[in-house]
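Engineer: There's a structure below that I have some questions on.
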Amino acid sequence: MDIIAHILALAPRLLKDSGSVFLEVDPRHPELVGSWLRSRPDLSLDLVAVRKDFCGRPRFLHIRRSEAQHGCPADT
């Protein structure tokens with residue numbers, strides 16, 4: 001989760017409005033990522049979808065920047 005948290009903490013500065021991040025994670029992480037994002041509303045990121053791998057395990061996350069954040073480099 002440390003690396004995932006670092007990527008997601010950087011994402012709002014790098015993504016344009018409604019930009020997306022797609023991550024492949026350990027099957028135990030989708031619930032943790034969802035909870036972490038809900039605890040960090042300042043990031044304006046939403047967990048949009050969790051997709052399963054070929055074995056049926058939740059593995060792929062679609063996370064989207066939810067609103068404009070003024071003053072960020074992605075806004076220029």
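The way I read the labels, and the way they are meant: chains A, B, ... in the order of the structure tokens, residue 1 as the first residue of every chain, and ligand 1 as the first ligand shown, with later ones counted on from there.
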With a distance cut-off of 10 Å and only C-alpha atoms, select the neighbouring residues of A:Val25, excluding the residue or stretch itself and same-chain residues fewer than 5 positions from it, and output the selection as a PyMOL selection string.
Structural biologist: chain A and resi 1+4+30+33+58-61
Engineer: Take the selection from the previous step and output its residues with C-alpha atoms, as a CSV table (one decimal), in the first residue's frame.
Structural biologist:
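That gives us again_13.csv:
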chain,number,residue,atom,x,y,z
A,1,MET,CA,0.0,0.0,0.0
A,4,ILE,CA,0.0,2.8,-4.1
A,30,PRO,CA,-9.0,-2.9,-3.7
A,33,VAL,CA,-7.5,1.6,-1.6
A,58,PRO,CA,-10.1,-8.3,-7.8
A,59,ARG,CA,-6.9,-7.0,-9.3
A,60,PHE,CA,-7.3,-3.9,-11.6
A,61,LEU,CA,-8.4,-0.5,-10.3
Engineer: Closest to A:Leu43 among A:Ile63, A:Ala9, A:Leu15, A:Leu23, using only C-alpha atoms?
Structural biologist: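 Comparing A:Ile63, A:Ala9, A:Leu15, A:Leu23 against A:Leu43, the winner is A:Ala9.
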Engineer: Quick check, in Å to one decimal: how far apart do atom CA of A:Lys52 and atom CA of A:Phe22 lie?
Structural biologist: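 One can read the atom CA of A:Lys52 to atom CA of A:Phe22 distance as 13.1 Å.
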Engineer: Taking the DSSP secondary structure from the backbone, can you list the residues of chain A that are strand (DSSP E or B), as an NGL selection string?
Structural biologist: :A and (20-24 or 45-52 or 58-65)
Engineer: Could those selected residues go to a file with N, CA and C atoms, as an mmCIF file, in the first residue's frame?
Structural biologist:
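Written file, again.cif:
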data_model
loop_
_atom_site.group_PDB
_atom_site.id
_atom_site.type_symbol
_atom_site.label_atom_id
_atom_site.label_comp_id
_atom_site.auth_asym_id
_atom_site.auth_seq_id
_atom_site.Cartn_x
_atom_site.Cartn_y
_atom_site.Cartn_z
ATOM 1 N N SER A 20 -7.605 9.725 -15.493
ATOM 2 C CA SER A 20 -7.668 8.420 -14.828
ATOM 3 C C SER A 20 -6.295 7.831 -14.561
ATOM 4 N N VAL A 21 -6.257 7.002 -13.523
ATOM 5 C CA VAL A 21 -5.115 6.166 -13.187
ATOM 6 C C VAL A 21 -5.633 4.735 -13.185
ATOM 7 N N PHE A 22 -4.880 3.844 -13.809
ATOM 8 C CA PHE A 22 -5.222 2.420 -13.793
ATOM 9 C C PHE A 22 -4.086 1.693 -13.089
ATOM 10 N N LEU A 23 -4.435 0.911 -12.083
ATOM 11 C CA LEU A 23 -3.429 0.200 -11.299
ATOM 12 C C LEU A 23 -3.732 -1.283 -11.247
ATOM 13 N N GLU A 24 -2.683 -2.092 -11.321
ATOM 14 C CA GLU A 24 -2.813 -3.522 -11.032
ATOM 15 C C GLU A 24 -2.295 -3.709 -9.609
ATOM 16 N N LEU A 45 -10.098 12.124 -5.673
ATOM 17 C CA LEU A 45 -9.990 10.923 -6.485
ATOM 18 C C LEU A 45 -11.090 9.952 -6.095
ATOM 19 N N ASP A 46 -11.668 9.300 -7.102
ATOM 20 C CA ASP A 46 -12.734 8.323 -6.865
ATOM 21 C C ASP A 46 -12.330 6.974 -7.442
ATOM 22 N N LEU A 47 -12.610 5.928 -6.686
ATOM 23 C CA LEU A 47 -12.438 4.575 -7.202
ATOM 24 C C LEU A 47 -13.653 4.283 -8.075
ATOM 25 N N VAL A 48 -13.461 4.244 -9.369
ATOM 26 C CA VAL A 48 -14.547 4.116 -10.342
ATOM 27 C C VAL A 48 -14.923 2.655 -10.561
ATOM 28 N N ALA A 49 -13.921 1.781 -10.656
ATOM 29 C CA ALA A 49 -14.205 0.376 -10.952
ATOM 30 C C ALA A 49 -13.087 -0.509 -10.445
ATOM 31 N N VAL A 50 -13.467 -1.734 -10.109
ATOM 32 C CA VAL A 50 -12.525 -2.795 -9.767
ATOM 33 C C VAL A 50 -12.819 -3.938 -10.737
ATOM 34 N N ARG A 51 -11.803 -4.361 -11.467
ATOM 35 C CA ARG A 51 -11.963 -5.447 -12.444
ATOM 36 C C ARG A 51 -11.210 -6.675 -11.944
ATOM 37 N N LYS A 52 -11.740 -7.829 -12.298
ATOM 38 C CA LYS A 52 -11.137 -9.095 -11.864
ATOM 39 C C LYS A 52 -10.150 -9.603 -12.912
ATOM 40 N N PRO A 58 -10.117 -9.721 -7.550
ATOM 41 C CA PRO A 58 -10.114 -8.276 -7.822
ATOM 42 C C PRO A 58 -8.677 -7.777 -7.923
ATOM 43 N N ARG A 59 -8.307 -7.281 -9.096
ATOM 44 C CA ARG A 59 -6.893 -6.978 -9.322
ATOM 45 C C ARG A 59 -6.648 -5.626 -9.982
ATOM 46 N N PHE A 60 -7.568 -5.118 -10.785
ATOM 47 C CA PHE A 60 -7.325 -3.902 -11.560
ATOM 48 C C PHE A 60 -8.235 -2.774 -11.087
ATOM 49 N N LEU A 61 -7.657 -1.615 -10.824
ATOM 50 C CA LEU A 61 -8.403 -0.472 -10.311
ATOM 51 C C LEU A 61 -8.429 0.654 -11.333
ATOM 52 N N HIS A 62 -9.585 1.274 -11.457
ATOM 53 C CA HIS A 62 -9.738 2.486 -12.272
ATOM 54 C C HIS A 62 -10.066 3.601 -11.295
ATOM 55 N N ILE A 63 -9.190 4.580 -11.207
ATOM 56 C CA ILE A 63 -9.336 5.710 -10.285
ATOM 57 C C ILE A 63 -9.345 6.980 -11.115
ATOM 58 N N ARG A 64 -10.304 7.860 -10.829
ATOM 59 C CA ARG A 64 -10.474 9.074 -11.636
ATOM 60 C C ARG A 64 -10.435 10.318 -10.756
ATOM 61 N N ARG A 65 -9.810 11.348 -11.288
ATOM 62 C CA ARG A 65 -9.830 12.665 -10.637
ATOM 63 C C ARG A 65 -11.228 13.239 -10.789
#
Engineer: Quick one: of A:Phe54, A:Leu37, A:Asp42, A:Glu31, who's nearest to A:Glu67, counting only C-alpha atoms?
Structural biologist: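 Closest candidate: A:Asp42.
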